[in-house]
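Printed here is coords_7.txt (compact mmCIF, N, CA and C atoms):
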```txt
# COMPACT_ATOMS: atom_id res chain seq x y z
N MET A 1 -14.08 6.24 9.30
CA MET A 1 -13.05 5.44 9.92
C MET A 1 -13.59 4.02 10.11
N VAL A 2 -12.74 3.03 9.81
CA VAL A 2 -13.13 1.63 9.94
C VAL A 2 -12.07 0.86 10.72
N GLU A 3 -12.51 -0.17 11.42
CA GLU A 3 -11.60 -1.07 12.14
C GLU A 3 -11.29 -2.22 11.19
N ILE A 4 -10.00 -2.51 10.99
CA ILE A 4 -9.59 -3.54 10.04
C ILE A 4 -8.58 -4.48 10.69
N SER A 5 -8.70 -5.75 10.36
CA SER A 5 -7.72 -6.75 10.76
C SER A 5 -7.39 -7.56 9.51
N LYS A 6 -6.11 -7.65 9.16
CA LYS A 6 -5.68 -8.32 7.93
C LYS A 6 -4.60 -9.35 8.21
N LYS A 7 -4.66 -10.42 7.44
CA LYS A 7 -3.62 -11.44 7.40
C LYS A 7 -3.30 -11.61 5.92
N LEU A 8 -2.10 -11.20 5.51
CA LEU A 8 -1.72 -11.24 4.11
C LEU A 8 -0.43 -12.02 3.93
N TYR A 9 -0.19 -12.44 2.69
CA TYR A 9 0.98 -13.25 2.37
C TYR A 9 1.82 -12.52 1.32
N VAL A 10 3.06 -12.25 1.67
CA VAL A 10 3.95 -11.40 0.89
C VAL A 10 4.48 -12.14 -0.34
N ILE A 11 4.38 -11.50 -1.49
CA ILE A 11 4.97 -12.01 -2.73
C ILE A 11 6.42 -11.54 -2.82
N ASP A 12 6.63 -10.24 -2.55
CA ASP A 12 7.98 -9.67 -2.57
C ASP A 12 7.93 -8.30 -1.91
N SER A 13 9.10 -7.77 -1.55
CA SER A 13 9.20 -6.47 -0.88
C SER A 13 10.41 -5.70 -1.37
N VAL A 14 10.34 -4.37 -1.23
CA VAL A 14 11.49 -3.49 -1.49
C VAL A 14 11.51 -2.40 -0.43
N ARG A 15 12.68 -1.89 -0.18
CA ARG A 15 12.86 -0.73 0.70
C ARG A 15 13.08 0.47 -0.22
N THR A 16 12.36 1.57 0.03
CA THR A 16 12.47 2.72 -0.86
C THR A 16 12.12 4.01 -0.12
N ASN A 17 12.08 5.10 -0.89
CA ASN A 17 11.76 6.42 -0.37
C ASN A 17 11.08 7.20 -1.48
N ASN A 18 9.97 7.85 -1.16
CA ASN A 18 9.20 8.58 -2.17
C ASN A 18 9.94 9.76 -2.78
N PHE A 19 10.92 10.28 -2.08
CA PHE A 19 11.53 11.53 -2.51
C PHE A 19 13.01 11.42 -2.87
N ASN A 20 13.75 10.40 -2.39
CA ASN A 20 15.18 10.33 -2.69
C ASN A 20 15.63 9.08 -3.42
N ASP A 21 14.74 8.23 -3.82
CA ASP A 21 15.13 7.00 -4.50
C ASP A 21 14.90 7.16 -6.00
N VAL A 22 15.99 7.33 -6.75
CA VAL A 22 15.86 7.54 -8.20
C VAL A 22 15.35 6.28 -8.91
N LEU A 23 15.43 5.14 -8.27
CA LEU A 23 14.96 3.88 -8.88
C LEU A 23 13.58 3.45 -8.38
N ILE A 24 12.87 4.35 -7.72
CA ILE A 24 11.59 3.98 -7.09
C ILE A 24 10.60 3.37 -8.10
N MET A 25 10.46 3.97 -9.26
CA MET A 25 9.48 3.46 -10.23
C MET A 25 9.86 2.08 -10.74
N GLN A 26 11.15 1.84 -10.97
CA GLN A 26 11.60 0.51 -11.41
C GLN A 26 11.38 -0.52 -10.31
N LYS A 27 11.67 -0.16 -9.08
CA LYS A 27 11.49 -1.09 -7.95
C LYS A 27 10.02 -1.46 -7.79
N ILE A 28 9.16 -0.46 -7.76
CA ILE A 28 7.74 -0.72 -7.56
C ILE A 28 7.15 -1.44 -8.77
N GLY A 29 7.53 -1.03 -9.96
CA GLY A 29 7.05 -1.71 -11.17
C GLY A 29 7.44 -3.18 -11.19
N GLY A 30 8.66 -3.48 -10.78
CA GLY A 30 9.11 -4.87 -10.72
C GLY A 30 8.31 -5.70 -9.73
N LEU A 31 7.98 -5.09 -8.59
CA LEU A 31 7.16 -5.79 -7.59
C LEU A 31 5.81 -6.17 -8.17
N TRP A 32 5.16 -5.21 -8.81
CA TRP A 32 3.82 -5.46 -9.34
C TRP A 32 3.86 -6.43 -10.51
N GLN A 33 4.90 -6.36 -11.33
CA GLN A 33 5.03 -7.32 -12.44
C GLN A 33 5.10 -8.74 -11.89
N LYS A 34 5.87 -8.92 -10.84
CA LYS A 34 5.98 -10.23 -10.21
C LYS A 34 4.63 -10.68 -9.65
N ALA A 35 3.92 -9.76 -9.01
CA ALA A 35 2.61 -10.09 -8.44
C ALA A 35 1.63 -10.55 -9.50
N TYR A 36 1.59 -9.84 -10.61
CA TYR A 36 0.61 -10.17 -11.65
C TYR A 36 0.98 -11.42 -12.43
N THR A 37 2.23 -11.87 -12.35
CA THR A 37 2.59 -13.12 -13.01
C THR A 37 2.43 -14.32 -12.06
N GLN A 38 2.44 -14.07 -10.75
CA GLN A 38 2.38 -15.18 -9.78
C GLN A 38 1.01 -15.37 -9.12
N VAL A 39 0.14 -14.37 -9.20
CA VAL A 39 -1.14 -14.44 -8.50
C VAL A 39 -2.27 -14.41 -9.54
N PRO A 40 -3.26 -15.29 -9.40
CA PRO A 40 -4.38 -15.29 -10.35
C PRO A 40 -5.04 -13.91 -10.45
N GLN A 41 -5.48 -13.57 -11.64
CA GLN A 41 -6.08 -12.27 -11.90
C GLN A 41 -7.30 -12.02 -11.01
N CYS A 42 -8.01 -13.08 -10.64
CA CYS A 42 -9.23 -12.91 -9.85
C CYS A 42 -8.96 -12.67 -8.36
N ASP A 43 -7.71 -12.75 -7.92
CA ASP A 43 -7.37 -12.51 -6.52
C ASP A 43 -7.16 -11.02 -6.25
N THR A 44 -7.59 -10.58 -5.08
CA THR A 44 -7.31 -9.22 -4.64
C THR A 44 -5.83 -9.13 -4.28
N LYS A 45 -5.21 -8.05 -4.69
CA LYS A 45 -3.79 -7.83 -4.41
C LYS A 45 -3.65 -6.59 -3.53
N TYR A 46 -2.58 -6.56 -2.75
CA TYR A 46 -2.36 -5.47 -1.81
C TYR A 46 -0.95 -4.92 -1.94
N GLY A 47 -0.82 -3.61 -1.85
CA GLY A 47 0.47 -2.96 -1.69
C GLY A 47 0.51 -2.48 -0.25
N VAL A 48 1.37 -3.07 0.57
CA VAL A 48 1.41 -2.78 2.00
C VAL A 48 2.66 -1.95 2.32
N TYR A 49 2.44 -0.79 2.92
CA TYR A 49 3.51 0.12 3.30
C TYR A 49 3.76 -0.05 4.80
N HIS A 50 5.01 -0.37 5.16
CA HIS A 50 5.30 -0.63 6.57
C HIS A 50 6.78 -0.38 6.87
N ASP A 51 7.16 -0.60 8.11
CA ASP A 51 8.54 -0.34 8.57
C ASP A 51 8.99 1.08 8.22
N TYR A 52 8.11 2.03 8.52
CA TYR A 52 8.44 3.44 8.25
C TYR A 52 9.60 3.89 9.13
N ALA A 53 10.57 4.58 8.53
CA ALA A 53 11.67 5.16 9.29
C ALA A 53 11.20 6.39 10.06
N SER A 54 10.24 7.11 9.50
CA SER A 54 9.71 8.31 10.16
C SER A 54 8.28 8.55 9.70
N ASP A 55 8.13 9.41 8.71
CA ASP A 55 6.82 9.70 8.13
C ASP A 55 6.88 9.42 6.63
N PHE A 56 5.95 9.98 5.86
CA PHE A 56 5.91 9.69 4.42
C PHE A 56 7.14 10.20 3.67
N ARG A 57 7.92 11.06 4.28
CA ARG A 57 9.14 11.57 3.65
C ARG A 57 10.34 10.64 3.84
N GLY A 58 10.24 9.70 4.78
CA GLY A 58 11.35 8.81 5.10
C GLY A 58 11.28 7.48 4.35
N ASP A 59 12.26 6.63 4.63
CA ASP A 59 12.30 5.30 4.02
C ASP A 59 11.16 4.44 4.56
N TYR A 60 10.73 3.49 3.76
CA TYR A 60 9.70 2.53 4.15
C TYR A 60 9.88 1.27 3.33
N THR A 61 9.19 0.22 3.75
CA THR A 61 9.16 -1.02 2.98
C THR A 61 7.81 -1.13 2.31
N LEU A 62 7.82 -1.49 1.03
CA LEU A 62 6.60 -1.78 0.29
C LEU A 62 6.59 -3.27 -0.01
N SER A 63 5.53 -3.93 0.44
CA SER A 63 5.36 -5.36 0.15
C SER A 63 4.13 -5.54 -0.70
N VAL A 64 4.24 -6.34 -1.74
CA VAL A 64 3.09 -6.72 -2.54
C VAL A 64 2.62 -8.06 -1.99
N ALA A 65 1.31 -8.15 -1.72
CA ALA A 65 0.80 -9.32 -1.02
C ALA A 65 -0.57 -9.73 -1.56
N THR A 66 -1.00 -10.89 -1.11
CA THR A 66 -2.32 -11.42 -1.44
C THR A 66 -2.90 -12.07 -0.18
N GLY A 67 -4.19 -12.30 -0.18
CA GLY A 67 -4.82 -12.96 0.95
C GLY A 67 -4.74 -14.47 0.89
N THR A 68 -4.21 -15.00 -0.21
CA THR A 68 -4.11 -16.44 -0.40
C THR A 68 -2.78 -16.97 0.13
N ASP A 69 -2.86 -17.95 1.02
CA ASP A 69 -1.65 -18.55 1.61
C ASP A 69 -1.07 -19.57 0.64
N ASN A 70 0.06 -19.23 0.08
CA ASN A 70 0.78 -20.15 -0.80
C ASN A 70 2.16 -20.42 -0.23
N GLY A 71 2.24 -20.54 1.10
CA GLY A 71 3.52 -20.80 1.74
C GLY A 71 4.42 -19.59 1.82
N ARG A 72 3.87 -18.40 1.60
CA ARG A 72 4.67 -17.18 1.64
C ARG A 72 4.76 -16.63 3.05
N ILE A 73 5.59 -15.62 3.22
CA ILE A 73 5.73 -14.93 4.50
C ILE A 73 4.42 -14.23 4.83
N LYS A 74 3.97 -14.38 6.05
CA LYS A 74 2.70 -13.79 6.47
C LYS A 74 2.96 -12.50 7.23
N ILE A 75 2.13 -11.49 6.95
CA ILE A 75 2.13 -10.28 7.77
C ILE A 75 0.71 -10.09 8.29
N GLU A 76 0.61 -9.69 9.54
CA GLU A 76 -0.69 -9.45 10.16
C GLU A 76 -0.70 -8.07 10.79
N PHE A 77 -1.83 -7.40 10.68
CA PHE A 77 -1.96 -6.09 11.30
C PHE A 77 -3.43 -5.78 11.52
N SER A 78 -3.69 -4.87 12.42
CA SER A 78 -5.06 -4.43 12.68
C SER A 78 -5.02 -3.01 13.22
N GLY A 79 -6.14 -2.34 13.15
CA GLY A 79 -6.23 -0.99 13.67
C GLY A 79 -7.35 -0.21 13.03
N LYS A 80 -7.35 1.07 13.32
CA LYS A 80 -8.35 1.98 12.74
C LYS A 80 -7.77 2.60 11.48
N TYR A 81 -8.61 2.67 10.45
CA TYR A 81 -8.15 3.13 9.15
C TYR A 81 -9.11 4.15 8.55
N GLN A 82 -8.54 5.09 7.81
CA GLN A 82 -9.31 5.99 6.98
C GLN A 82 -9.14 5.51 5.55
N CYS A 83 -10.25 5.36 4.82
CA CYS A 83 -10.23 4.83 3.46
C CYS A 83 -10.39 5.94 2.44
N PHE A 84 -9.61 5.84 1.36
CA PHE A 84 -9.69 6.78 0.24
C PHE A 84 -9.91 5.98 -1.04
N ASP A 85 -10.99 6.28 -1.76
CA ASP A 85 -11.22 5.65 -3.06
C ASP A 85 -10.33 6.34 -4.09
N VAL A 86 -9.68 5.55 -4.93
CA VAL A 86 -8.82 6.08 -5.98
C VAL A 86 -9.67 6.32 -7.21
N ASP A 87 -9.64 7.54 -7.73
CA ASP A 87 -10.38 7.90 -8.94
C ASP A 87 -9.56 7.47 -10.15
N MET A 88 -9.90 6.32 -10.71
CA MET A 88 -9.13 5.74 -11.80
C MET A 88 -9.32 6.49 -13.13
N SER A 89 -10.20 7.50 -13.16
CA SER A 89 -10.43 8.24 -14.40
C SER A 89 -9.44 9.39 -14.60
N VAL A 90 -8.66 9.73 -13.57
CA VAL A 90 -7.70 10.83 -13.70
C VAL A 90 -6.34 10.29 -14.12
N GLU A 91 -5.50 11.17 -14.63
CA GLU A 91 -4.14 10.78 -15.00
C GLU A 91 -3.34 10.53 -13.72
N ASN A 92 -2.54 9.47 -13.70
CA ASN A 92 -1.74 9.09 -12.53
C ASN A 92 -2.59 8.99 -11.26
N PRO A 93 -3.63 8.13 -11.27
CA PRO A 93 -4.59 8.11 -10.17
C PRO A 93 -3.99 7.80 -8.80
N LEU A 94 -3.06 6.87 -8.71
CA LEU A 94 -2.48 6.54 -7.41
C LEU A 94 -1.62 7.68 -6.88
N ILE A 95 -0.79 8.24 -7.73
CA ILE A 95 0.07 9.35 -7.32
C ILE A 95 -0.79 10.54 -6.86
N GLU A 96 -1.85 10.84 -7.60
CA GLU A 96 -2.72 11.96 -7.23
C GLU A 96 -3.42 11.71 -5.89
N THR A 97 -3.84 10.47 -5.65
CA THR A 97 -4.50 10.15 -4.38
C THR A 97 -3.51 10.25 -3.22
N TRP A 98 -2.28 9.74 -3.42
CA TRP A 98 -1.27 9.85 -2.36
C TRP A 98 -0.94 11.32 -2.08
N LYS A 99 -0.83 12.14 -3.11
CA LYS A 99 -0.55 13.57 -2.89
C LYS A 99 -1.66 14.20 -2.05
N LYS A 100 -2.90 13.82 -2.33
CA LYS A 100 -4.03 14.33 -1.56
C LYS A 100 -3.90 13.90 -0.10
N ILE A 101 -3.59 12.63 0.13
CA ILE A 101 -3.44 12.11 1.49
C ILE A 101 -2.34 12.86 2.23
N TRP A 102 -1.19 13.05 1.57
CA TRP A 102 -0.07 13.75 2.20
C TRP A 102 -0.43 15.19 2.58
N SER A 103 -1.34 15.81 1.85
CA SER A 103 -1.69 17.20 2.10
C SER A 103 -2.72 17.37 3.23
N LEU A 104 -3.35 16.28 3.63
CA LEU A 104 -4.39 16.35 4.67
C LEU A 104 -3.79 16.29 6.07
N GLN A 105 -4.52 16.83 7.01
CA GLN A 105 -4.12 16.77 8.42
C GLN A 105 -4.71 15.50 9.03
N ILE A 106 -4.02 14.37 8.82
CA ILE A 106 -4.47 13.08 9.33
C ILE A 106 -3.50 12.66 10.43
N ASN A 107 -4.02 12.19 11.54
CA ASN A 107 -3.18 11.71 12.62
C ASN A 107 -2.76 10.28 12.29
N ARG A 108 -1.76 10.16 11.42
CA ARG A 108 -1.33 8.85 10.92
C ARG A 108 -0.52 8.08 11.94
N ALA A 109 -0.72 6.76 11.95
CA ALA A 109 0.00 5.89 12.88
C ALA A 109 1.35 5.45 12.31
N TYR A 110 1.49 5.44 10.99
CA TYR A 110 2.71 4.96 10.32
C TYR A 110 3.08 3.55 10.78
N THR A 111 2.08 2.68 10.76
CA THR A 111 2.29 1.26 11.08
C THR A 111 2.19 0.44 9.80
N PHE A 112 0.96 0.18 9.37
CA PHE A 112 0.70 -0.54 8.12
C PHE A 112 -0.37 0.22 7.36
N ASP A 113 0.00 0.83 6.25
CA ASP A 113 -0.96 1.43 5.32
C ASP A 113 -1.02 0.48 4.13
N PHE A 114 -2.14 0.50 3.39
CA PHE A 114 -2.18 -0.41 2.25
C PHE A 114 -3.11 0.08 1.15
N GLU A 115 -2.75 -0.35 -0.06
CA GLU A 115 -3.59 -0.17 -1.24
C GLU A 115 -4.24 -1.51 -1.52
N LYS A 116 -5.53 -1.48 -1.80
CA LYS A 116 -6.28 -2.70 -2.09
C LYS A 116 -6.71 -2.65 -3.56
N TYR A 117 -6.20 -3.62 -4.34
CA TYR A 117 -6.49 -3.71 -5.77
C TYR A 117 -7.51 -4.82 -5.97
N ASN A 118 -8.75 -4.43 -6.24
CA ASN A 118 -9.84 -5.38 -6.40
C ASN A 118 -9.88 -5.95 -7.82
N PRO A 119 -10.35 -7.18 -7.96
CA PRO A 119 -10.44 -7.79 -9.30
C PRO A 119 -11.28 -6.99 -10.30
N ASP A 120 -12.22 -6.16 -9.80
CA ASP A 120 -13.07 -5.37 -10.70
C ASP A 120 -12.39 -4.09 -11.19
N GLY A 121 -11.12 -3.87 -10.77
CA GLY A 121 -10.36 -2.70 -11.23
C GLY A 121 -10.43 -1.50 -10.30
N THR A 122 -11.24 -1.56 -9.26
CA THR A 122 -11.29 -0.46 -8.30
C THR A 122 -10.14 -0.59 -7.31
N VAL A 123 -9.74 0.56 -6.76
CA VAL A 123 -8.61 0.60 -5.83
C VAL A 123 -8.98 1.53 -4.67
N GLN A 124 -8.62 1.09 -3.47
CA GLN A 124 -8.76 1.93 -2.28
C GLN A 124 -7.41 1.99 -1.57
N ILE A 125 -7.17 3.13 -0.91
CA ILE A 125 -5.98 3.28 -0.08
C ILE A 125 -6.47 3.43 1.36
N TYR A 126 -5.90 2.63 2.25
CA TYR A 126 -6.25 2.64 3.67
C TYR A 126 -5.06 3.16 4.47
N ILE A 127 -5.32 4.20 5.25
CA ILE A 127 -4.29 4.85 6.06
C ILE A 127 -4.55 4.55 7.53
N ALA A 128 -3.54 3.99 8.22
CA ALA A 128 -3.66 3.70 9.64
C ALA A 128 -3.71 4.98 10.44
N ILE A 129 -4.67 5.06 11.34
CA ILE A 129 -4.90 6.24 12.15
C ILE A 129 -4.45 5.96 13.59
N SER A 130 -3.78 6.93 14.21
CA SER A 130 -3.39 6.79 15.61
C SER A 130 -4.63 6.80 16.49
N LYS A 131 -4.56 6.00 17.55
CA LYS A 131 -5.74 5.89 18.44
C LYS A 131 -5.79 7.02 19.42
```

File written out as C-alpha cells:
Amino acid sequence: MVEISKKLYVIDSVRTNNFNDVLIMQKIGGLWQKAYTQVPQCDTKYGVYHDYASDFRGDYTLSVATGTDNGRIKIEFSGKYQCFDVDMSVENPLIETWKKIWSLQINRAYTFDFEKYNPDGTVQIYIAISK
C-alpha cells in the first residue's frame, strides 16, 4: 500500500459502464486516440476512473489525463492505494488485470482509481483503498 497525491490535467472524459455499455470499447478507444495525438509520446498518460455511481458494476467516468498543464481541466486526488503491475506479455493485459482486481477482496474506496501508462511501455493500475 502506498500514499499518493496527484494533480492531473484532463484531455477528455466519457461516462460508461463495464457491463451494460455496448459502445464501451469505441468510447475508450476514442479517448486514448485523442490522448496519443495531443500529448507527446514521452509524457506519462493516465486513465482516471472516478464519479462512481456504486461499485465496479455501476456507471463511472473515465478521464484520460497527463501531468502536464496545458490549460486543461485539473483533477486532484490523494489517498492510500494498492498497486498492480500489468503483465503486458499476456493477451488483453488490461482486461485480465482488471478481472483479477475485481475478484479480490479489496476494501475499495471508489474515489479515484487510475492506470499509469509510462513512456517505457509499462503500466500499473492503482486502486484507492478505504481508510

Pairwise distance, CA of Lys131 (chain A) with atom N of Asp51 (chain A), equals 17.8 Å

Exercise. What is the distance between CA of Met1 (chain A) and CA of Gln82 (chain A), in Å to one decimal?
Worked result: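 So the two atoms, CA of Met1 (chain A) and CA of Gln82 (chain A), lie 4.8 Å apart.
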
Which residue, A:Leu62, A:Ile127, A:Phe114, A:Ser78, has the smallest gap to Glu3 (chain A) when you use all atoms listed in the file?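 Once distances to Glu3 (chain A) are computed over all atoms listed in the file, the minimum belongs to A:Ser78.
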
I'd like to know which residues of region 24-105 of chain A are helix (DSSP H, G or I) (by DSSP, run on the backbone); could you write them as a ChimeraX atom specification?
/A:24-38,93-103

Handout entry: Atom pair CA of Val14 (chain A) / CA of Thr61 (chain A): separation (Å)
Key =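 Going from CA of Val14 (chain A) over to CA of Thr61 (chain A) covers 5.6 Å.
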
Fewer than 6 positions away in the same chain doesn't count, so skip those; otherwise give me all residues within 12 Å of Tyr110 (chain A), counting only C-alpha atoms, as a PDB file with N, CA and C atoms, in the frame of the given file.
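Wrote it out as around.pdb, contents follow:
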```
ATOM      1  N   VAL A  48       1.370  -3.070   0.570  1.00  0.00           N
ATOM      2  CA  VAL A  48       1.410  -2.780   2.000  1.00  0.00           C
ATOM      3  C   VAL A  48       2.660  -1.950   2.320  1.00  0.00           C
ATOM      4  N   TYR A  49       2.440  -0.790   2.920  1.00  0.00           N
ATOM      5  CA  TYR A  49       3.510   0.120   3.300  1.00  0.00           C
ATOM      6  C   TYR A  49       3.760  -0.050   4.800  1.00  0.00           C
ATOM      7  N   HIS A  50       5.010  -0.370   5.160  1.00  0.00           N
ATOM      8  CA  HIS A  50       5.300  -0.630   6.570  1.00  0.00           C
ATOM      9  C   HIS A  50       6.780  -0.380   6.870  1.00  0.00           C
ATOM     10  N   ASP A  51       7.160  -0.600   8.110  1.00  0.00           N
ATOM     11  CA  ASP A  51       8.540  -0.340   8.570  1.00  0.00           C
ATOM     12  C   ASP A  51       8.990   1.080   8.220  1.00  0.00           C
ATOM     13  N   TYR A  52       8.110   2.030   8.520  1.00  0.00           N
ATOM     14  CA  TYR A  52       8.440   3.440   8.250  1.00  0.00           C
ATOM     15  C   TYR A  52       9.600   3.890   9.130  1.00  0.00           C
ATOM     16  N   ALA A  53      10.570   4.580   8.530  1.00  0.00           N
ATOM     17  CA  ALA A  53      11.670   5.160   9.290  1.00  0.00           C
ATOM     18  C   ALA A  53      11.200   6.390  10.060  1.00  0.00           C
ATOM     19  N   SER A  54      10.240   7.110   9.500  1.00  0.00           N
ATOM     20  CA  SER A  54       9.710   8.310  10.160  1.00  0.00           C
ATOM     21  C   SER A  54       8.280   8.550   9.700  1.00  0.00           C
ATOM     22  N   ASP A  55       8.130   9.410   8.710  1.00  0.00           N
ATOM     23  CA  ASP A  55       6.820   9.700   8.130  1.00  0.00           C
ATOM     24  C   ASP A  55       6.880   9.420   6.630  1.00  0.00           C
ATOM     25  N   PHE A  56       5.950   9.980   5.860  1.00  0.00           N
ATOM     26  CA  PHE A  56       5.910   9.690   4.420  1.00  0.00           C
ATOM     27  C   PHE A  56       7.140  10.200   3.670  1.00  0.00           C
ATOM     28  N   ARG A  57       7.920  11.060   4.280  1.00  0.00           N
ATOM     29  CA  ARG A  57       9.140  11.570   3.650  1.00  0.00           C
ATOM     30  C   ARG A  57      10.340  10.640   3.840  1.00  0.00           C
ATOM     31  N   GLY A  58      10.240   9.700   4.780  1.00  0.00           N
ATOM     32  CA  GLY A  58      11.350   8.810   5.100  1.00  0.00           C
ATOM     33  C   GLY A  58      11.280   7.480   4.350  1.00  0.00           C
ATOM     34  N   ASP A  59      12.260   6.630   4.630  1.00  0.00           N
ATOM     35  CA  ASP A  59      12.300   5.300   4.020  1.00  0.00           C
ATOM     36  C   ASP A  59      11.160   4.440   4.560  1.00  0.00           C
ATOM     37  N   TYR A  60      10.730   3.490   3.760  1.00  0.00           N
ATOM     38  CA  TYR A  60       9.700   2.530   4.150  1.00  0.00           C
ATOM     39  C   TYR A  60       9.880   1.270   3.330  1.00  0.00           C
ATOM     40  N   THR A  61       9.190   0.220   3.750  1.00  0.00           N
ATOM     41  CA  THR A  61       9.160  -1.020   2.980  1.00  0.00           C
ATOM     42  C   THR A  61       7.810  -1.130   2.310  1.00  0.00           C
ATOM     43  N   GLY A  79      -6.140  -2.340  13.150  1.00  0.00           N
ATOM     44  CA  GLY A  79      -6.230  -0.990  13.670  1.00  0.00           C
ATOM     45  C   GLY A  79      -7.350  -0.210  13.030  1.00  0.00           C
ATOM     46  N   LYS A  80      -7.350   1.070  13.320  1.00  0.00           N
ATOM     47  CA  LYS A  80      -8.350   1.980  12.740  1.00  0.00           C
ATOM     48  C   LYS A  80      -7.770   2.600  11.480  1.00  0.00           C
ATOM     49  N   TYR A  81      -8.610   2.670  10.450  1.00  0.00           N
ATOM     50  CA  TYR A  81      -8.150   3.130   9.150  1.00  0.00           C
ATOM     51  C   TYR A  81      -9.110   4.150   8.550  1.00  0.00           C
ATOM     52  N   TYR A 126      -5.900   2.630   2.250  1.00  0.00           N
ATOM     53  CA  TYR A 126      -6.250   2.640   3.670  1.00  0.00           C
ATOM     54  C   TYR A 126      -5.060   3.160   4.470  1.00  0.00           C
ATOM     55  N   ILE A 127      -5.320   4.200   5.250  1.00  0.00           N
ATOM     56  CA  ILE A 127      -4.290   4.850   6.060  1.00  0.00           C
ATOM     57  C   ILE A 127      -4.550   4.550   7.530  1.00  0.00           C
ATOM     58  N   ALA A 128      -3.540   3.990   8.220  1.00  0.00           N
ATOM     59  CA  ALA A 128      -3.660   3.700   9.640  1.00  0.00           C
ATOM     60  C   ALA A 128      -3.710   4.980  10.440  1.00  0.00           C
ATOM     61  N   ILE A 129      -4.670   5.060  11.340  1.00  0.00           N
ATOM     62  CA  ILE A 129      -4.900   6.240  12.150  1.00  0.00           C
ATOM     63  C   ILE A 129      -4.450   5.960  13.590  1.00  0.00           C
ATOM     64  N   SER A 130      -3.780   6.930  14.210  1.00  0.00           N
ATOM     65  CA  SER A 130      -3.390   6.790  15.610  1.00  0.00           C
ATOM     66  C   SER A 130      -4.630   6.800  16.490  1.00  0.00           C
ATOM     67  N   LYS A 131      -4.560   6.000  17.550  1.00  0.00           N
ATOM     68  CA  LYS A 131      -5.740   5.890  18.440  1.00  0.00           C
ATOM     69  C   LYS A 131      -5.790   7.020  19.420  1.00  0.00           C
TER      70      LYS A 131
END
```

_Residues of region 55-131 of chain A in strand (DSSP E or B), written as a PyMOL selection string_ = chain A and resi 60-66+73-85+108+112-117+123-129

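Of the listed residues (A:Val39, A:Leu23, A:Ile73, A:Leu31), A:Ile73 comes nearest to Val10 (chain A); the distances count only N, CA and C atoms.
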
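The nearest approach to Gly30 (chain A) among the residues A:Ser5, A:Ser63, A:Thr122, A:Thr97, with only C-alpha atoms taken into account, belongs to A:Ser63.
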
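Restricting the calculation to only N, CA and C atoms, the smallest distance between Lys116 (chain A) and any of A:Pro40, A:Gly67, A:Pro93, A:Gly47 is found for A:Gly47.
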
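Closest approach to Ile11 (chain A) among A:Asp69, A:Glu76, A:Asp87, A:Asp120 is made by A:Asp69 (distances from only C-alpha atoms).
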
Skip Lys74 (chain A) itself and residues of its chain fewer than 2 positions away, then list as a compact mmCIF listing (two decimals) with N, CA and C atoms, keeping the file's coordinate frame all residues within 8 Å of it, counting all atoms listed in the file.
```txt
# COMPACT_ATOMS: atom_id res chain seq x y z
N LYS A 7 -4.66 -10.42 7.44
CA LYS A 7 -3.62 -11.44 7.40
C LYS A 7 -3.30 -11.61 5.92
N LEU A 8 -2.10 -11.20 5.51
CA LEU A 8 -1.72 -11.24 4.11
C LEU A 8 -0.43 -12.02 3.93
N TYR A 9 -0.19 -12.44 2.69
CA TYR A 9 0.98 -13.25 2.37
C TYR A 9 1.82 -12.52 1.32
N VAL A 10 3.06 -12.25 1.67
CA VAL A 10 3.95 -11.40 0.89
C VAL A 10 4.48 -12.14 -0.34
N GLY A 71 2.24 -20.54 1.10
CA GLY A 71 3.52 -20.80 1.74
C GLY A 71 4.42 -19.59 1.82
N ARG A 72 3.87 -18.40 1.60
CA ARG A 72 4.67 -17.18 1.64
C ARG A 72 4.76 -16.63 3.05
N GLU A 76 0.61 -9.69 9.54
CA GLU A 76 -0.69 -9.45 10.16
C GLU A 76 -0.70 -8.07 10.79
N PHE A 77 -1.83 -7.40 10.68
CA PHE A 77 -1.96 -6.09 11.30
C PHE A 77 -3.43 -5.78 11.52
```

**Report entry** Selected residue of minimal separation from Asn118 (chain A) among A:Met88, A:Cys42, A:Ala65, A:Ile106, counting only N, CA and C atoms
**Finding:**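 Nearest to Asn118 (chain A): A:Cys42.
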